[in-house]
There are 2 protein chains.
Amino acid sequence: MSRQMPSSVVIDTTRSANARLRPVPVSAVELTDGFWAPRLRVNREVTLPAQFHYLEETGRLDNFRVAAGKKEGRFVGIYFNDSDVYKWLEAASWVLASGRDPGLEQMVDVAVTEIEAAQQPNGYLNTYFMGERVPERWSNLRDLHELYCAGHLIQAAIAHRRATGSERLLNVACRLADHIDRVFGSQPGKREGTSGHEEIEMALVELGRETGRARYVDLARFFVKMRGQGHAGGDEYHQDHRAFRAFDRVVGHAVRAVYLNAGVADLCLEGDGDEYLPALDRLWHNMTARQTYVTGGIGSRYRGEAFGYDYELPNRRAYAETCAAIGSVMWNWRMLALDGDARYADLLETTLYNGVLAGLSLDGQTYFYQNPLADDGTHRREPWFGCACCPPNLARMLASLPGYVYGVSGEGLWVHLYVEGAATIPLSSGQVLNVSQQTRYPWDGKIAIEVGAGGAYGLFLRIPAWCEAGARLEVNGAPTGSVLAPGTYAELRRNWRAGDRVTLELPMPARRLSCHPYVPNNAGRVALMRGPLVYCAEQVDHLQAAVQDLAVPLDGRLCAEWDPDLLGGVCVLRGEAVASPPGDGWAGHLYRTEGPKTRWGRGHTVPLAAVPYYAWANREPGAMRVWLRKHQPQRPGQRMGNACPPT
Amino acid sequence: MSRQMPSSVVIDTTRSANARLRPVPVSAVELTDGFWAPRLRVNREVTLPAQFHYLEETGRLDNFRVAAGKKEGRFVGIYFNDSDVYKWLEAASWVLASGRDPGLEQMVDVAVTEIEAAQQPNGYLNTYFMGERVPERWSNLRDLHELYCAGHLIQAAIAHRRATGSERLLNVACRLADHIDRVFGSQPGKREGTSGHEEIEMALVELGRETGRARYVDLARFFVKMRGQGHAGGDEYHQDHRAFRAFDRVVGHAVRAVYLNAGVADLCLEGDGDEYLPALDRLWHNMTARQTYVTGGIGSRYRGEAFGYDYELPNRRAYAETCAAIGSVMWNWRMLALDGDARYADLLETTLYNGVLAGLSLDGQTYFYQNPLADDGTHRREPWFGCACCPPNLARMLASLPGYVYGVSGEGLWVHLYVEGAATIPLSSGQVLNVSQQTRYPWDGKIAIEVGAGGAYGLFLRIPAWCEAGARLEVNGAPTGSVLAPGTYAELRRNWRAGDRVTLELPMPARRLSCHPYVPNNAGRVALMRGPLVYCAEQVDHLQAAVQDLAVPLDGRLCAEWDPDLLGGVCVLRGEAVASPPGDGWAGHLYRTEGPKTRWGRGHTVPLAAVPYYAWANREPGAMRVWLRKHQPQRPGQRMGNACPPT
């Protein structure tokens, strides 16, 4: 192993050939804010113990005991159930990077012990392919998730080592990776192949980074190179329809697609940019300009949990799997590391606060697999799933969150996310920088950053794309000359003195977003956002009208009101809407000759109260809408402006 | 058998307790028009021989030979492949009802012979459940379509007897029905159960009508009564979620749902109306007011080929299976027989001319399984399918079409569809009525009907719901006092003299239809119809603009121009559209803060040429849209009217 000290970075680009940014360890960042810190606490205290309970109850851990011969029986459950154990372990490890937790440590120890014991003498490890299924090993790479499970073991092992310093699980992962390396490859005597569910690519690159062994990166490179040759089905569903470098739009199963893209971005960080960056760039543009929900959710189609046609973004019938949103965060994080382009951080933030976070109930006990943007009240979170990919994926996302707040480059410190807390960050120069943020973000756009170390370095502060106007930046109370363009990093390069105070003000008016006209179901509608948060209207807040009948005037006020008692504390957007059900002419009709009888009915004004989308479906069941009908202003030209009382 | 003379009625309600209408034999109606007659000829000369070829080539007929021991081998293909042979036989039989065809008769003879030989001594017949699968018979009613295949055999046998007078296939069907009757029922020693794919219900009722044996109707009654008890999965997909009489909306697999509804409507015709009519009425209203495409297509959802949420009617991602549209025609035909309410005939006509007919290419050689209402040019008809339910279903629908034109009640003759041709129709009174229609329908709404027999009887002429104003009715040149309300039958009760001439004029202006506001993807859009035909814009007719950028002014002329050389001869709707692509502000964006940059771009006027939806995708591939954006008139109040030159 090439490194002595554990450094709990989520990805380690310290020595990557092509990385502009290097992550900051999870352990280096302490979040003390009112938004994320309570969620991380719930993740540690409620979510992870509950998930461990399910791992035991559903036989997922027993599968390892059976494989080890410790227990009689046969494999139970779905063939990729091992991966849930690994993802849980990764989540628990990132939590442990943030501090000791004896109860969690004991659960981790149980899991690591069972995994260790189940590994075969030759390094093979997958509890589904035991007993009578031994001959089936590596026989169906397309469908049976064998390499996918291996990838999750590797990621868990890396997190476990980085968090705890222990080599136990990493040794298991290396033995399995070495086994895979002996089986697969283009060299004589090895097999060609690639996985039907991508995941191992980014895992192997990271294992190469963690161990300093280039052969793991080469193996990831091999698996990517094998795409488009029919080894994984030869179809779009498996991203196997052509060579990766010829990819031009995101297709097929969404989680698979973005996991692959994340792995290829990892390869680009390791020097393969000439080969793959043009394709990644095409994929990113196709996804973001044509196939992403306003929440950051992706994979709109139920059938195949897949990307659809361009502009296929149904709201009620949205699939938008929680895991796919998490995969998008992982991919964008790697893209950001490549060149520090704020567009990746913008999408990452949108996805995190909306598409990902909606997947989890406020109490941390139930989950969404699909994340629709409209509902009639029947879509409710569940405590577990037969196919339980999303719950531990949410847990590892939250547990690793502190690692996503900052980045470091040769030029200085980058602030990607605004979260109150303190961090102790090693710069490339060897200097250690203490930095703290004071902010009520995402409820308020005022951020105060205090630097605790003097010296000449740059501070790169993200001006979110959502902040279209009015951003202000001061150092010690004096304006700076920095360019404050939305969707860029504002640069402050100076000779800092300890205690220097940077204040950033990002105005957060409520915004009405329109959707591209080619998305048919959002025509004539707006979505409400404030800061990074997408809002929605829930029926429970609208007793005077059905939410599907609400229309939002384009010229009315929408004021953010802080309500500490609602949904764990949220800013509610309050204003007026026009409630107009379909006109009487529609009774019993689905189609009518266009004319006066085909209009919406006469409306009456009702209060509108929109809540953050991430918090929906946490109260009594009822209809929900993100995209609300526009109410055309009756007197064009008269706009009432957005002036609201301070929140 | 209770009847000597074959009478090729599609359903025989002569002695049904609850039927207002009795069908007219297929053999009694000769179509000589320019629209349907050529299609029926293609069906006989091209489609049916080609399908027979596929039945042989794909082993569907060989499966019977193998089951009979005539041929070595095993069952090949999908477990319900027998049903394709039966549906083909039914189609061929209806063709033979209209006239001799030695080639077709020979193919029918081959099929009947193989089916006869494959029947087991106890009456059982399903070539999938032979050999090692014998013990599996009746073991999985939910999934394996065993009763469904039996239903299609029964329907084919009835058609075969009615068309040819031969008892050969009917005897096979009765032996199988008797076998099923021995196995299933509520009596001691019999099994409870019901089919996961409905179809046998309407088949058994018709077999009861054909043979006069009430036990077949009772068996159908039993299978309907068994719903909601978990025998067919206990879920909405299989319409097994509750007792039928408690059904309140159409759910699950669309073909299954409407086949079941057709069977229950048959039971209502036989006297079970008190039990089931309220539920059928709820289902019909739910389907037509919330779950039917403007084409009559149903089952909007790909996943499960199913009905979706209320108002879930995506255009490009429409499933709208051809078989489901055919099933809707079958259901509505039975509802119409119950009470003669024109709403059923209206929907039947819409579905037939649009949702069904689009499933077949103009040359009769390729088929759509799904029928989207928008496309980018990739959805093309295919000559056959692994799951080949749609091709023979189309063939039997077309072959039986002459039987859908007229109906008879104690009050007289009903004209449901307007098609040029002659018919010799036995009235209830015993009188035989010669009647002829002269019309260019559906291209022109003028219909002349000549009655060839004197006497006192009523003539009931359908005033389609699409004919919203201006219908005129004359007898021998003199206006009548009949009420000509859209969506009703106009009644002419008089003492007729042979040679009396009725002229009906149904004005056919092009109409712009709006869709219910709760269908999100049709907001701000119109569909074009003329007469019973839905129109669409195809890219090949619009060289100056992308069809997705076309907007239709609400005040512009849309003129019908007859083009004999286009698509086999069609009326094209010609007018002007505004071509406006998304504004420049949308480049690279999917969401933008609502404002001037989020509008459609500036438009320019281009010619619009819409063609009938049924004829789409018969030329080079290209985009297609049924629902076109509305262009708001620039000067409200100024409407240009609809005056067009005569077609």
# chains A, B, ... in the order shown; residues from 1 in each chain; ligands from 1
call {"tool": "residues_around", "arguments": {"residues": "region 343-360 of chain B", "least_positions_apart": "4", "cutoff": "8 Å", "atoms": "only C-alpha atoms", "output": "MDAnalysis selection string"}}
result
chainID B and resid 295:297 320 322:323 325:326 328:329 332:333 335:336 364:371 381 394 416:417 464:465 487:488 532:534 613:616
call {"tool": "interface_residues", "arguments": {"of": "chain B", "to": "chain A", "cutoff": "9 Å", "atoms": "only C-alpha atoms", "output": "ChimeraX atom specification"}}
result
/B:285-286,288-294,302-303,309,311-312,314,316-317,466,511-524,526,548-549,554,581-582,586-595,598-600
call {"tool": "residues_around", "arguments": {"residues": "region 229-237 of chain A", "least_positions_apart": "2", "cutoff": "7 Å", "atoms": "only C-alpha atoms", "output": "list in words"}}
result
Leu141, Arg142, Gly193, Thr194, Ser195, Gly196, Met226, Arg227, Gln239, Asp240, His241, Val251, Gly252 and His253 of chain A
call {"tool": "select_by_dssp", "arguments": {"residues": "region 555-597 of chain B", "states": "strand (DSSP E)", "output": "list in words"}}
result
Leu558, Cys559, Ala560, Glu561, Trp562, Asp563, Val570, Cys571, Val572, Leu573, Arg574, Gly575, Glu576, Ala577, Val578, Ala579, Tyr591, Arg592 and Thr593 of chain B
call {"tool": "residues_around", "arguments": {"residues": "region 264-268 of chain A", "least_positions_apart": "4", "cutoff": "6 Å", "atoms": "only C-alpha atoms", "output": "list in words"}}
result
Asp272, Gly273 and Arg334 of chain A
call {"tool": "write_last_selection", "arguments": {"atoms": "all heavy atoms", "output": "CSV table (one decimal), in the first residue's frame"}}
result
chain,number,residue,atom,x,y,z
A,272,ASP,N,-7.1,9.5,-19.5
A,272,ASP,CA,-7.8,9.0,-20.8
A,272,ASP,C,-8.7,10.1,-21.4
A,272,ASP,O,-9.6,9.7,-22.1
A,272,ASP,CB,-8.6,7.8,-20.5
A,272,ASP,CG,-7.7,6.6,-20.1
A,272,ASP,OD1,-6.5,6.8,-19.9
A,272,ASP,OD2,-8.2,5.5,-19.9
A,273,GLY,N,-8.5,11.3,-21.1
A,273,GLY,CA,-9.4,12.4,-21.5
A,273,GLY,C,-9.5,12.5,-23.0
A,273,GLY,O,-10.6,12.7,-23.6
A,334,ARG,N,-17.0,13.9,-10.3
A,334,ARG,CA,-15.8,13.5,-11.1
A,334,ARG,C,-15.5,14.5,-12.2
A,334,ARG,O,-14.4,14.9,-12.5
A,334,ARG,CB,-15.9,12.1,-11.6
A,334,ARG,CG,-15.7,11.1,-10.4
A,334,ARG,CD,-16.3,9.7,-10.7
A,334,ARG,NE,-16.1,8.8,-9.6
A,334,ARG,CZ,-16.8,8.8,-8.5
A,334,ARG,NH1,-17.7,9.6,-8.2
A,334,ARG,NH2,-16.5,7.8,-7.5
call {"tool": "atom_distance", "arguments": {"atom1": "CA of Gly575 (chain A)", "atom2": "CA of Ala374 (chain A)"}}
result
20.3 Å
call {"tool": "residues_around", "arguments": {"residues": "region 152-156 of chain B", "least_positions_apart": "4", "cutoff": "7 Å", "atoms": "only C-alpha atoms", "output": "PyMOL selection string"}}
result
chain B and resi 83+86-87+89-90+148+160+173+203+207
call {"tool": "atom_distance", "arguments": {"atom1": "CA of Ala279 (chain B)", "atom2": "CA of Asp339 (chain B)"}}
result
15.8 Å
call {"tool": "select_by_dssp", "arguments": {"residues": "region 31-88 of chain A", "states": "alpha helix (DSSP H)", "output": "PyMOL selection string"}}
result
chain A and resi 36-42+48-57+60-67+82-88
call {"tool": "residues_around", "arguments": {"residues": "Ile115 (chain B)", "least_positions_apart": "5", "cutoff": "9 Å", "atoms": "only C-alpha atoms", "output": "PyMOL selection string"}}
result
chain B and resi 61+64-65+68+110+125+169+172
call {"tool": "residues_around", "arguments": {"residues": "Arg22 (chain B)", "least_positions_apart": "2", "cutoff": "6 Å", "atoms": "only C-alpha atoms", "output": "MDAnalysis selection string"}}
result
chainID B and resid 13:14 407:408
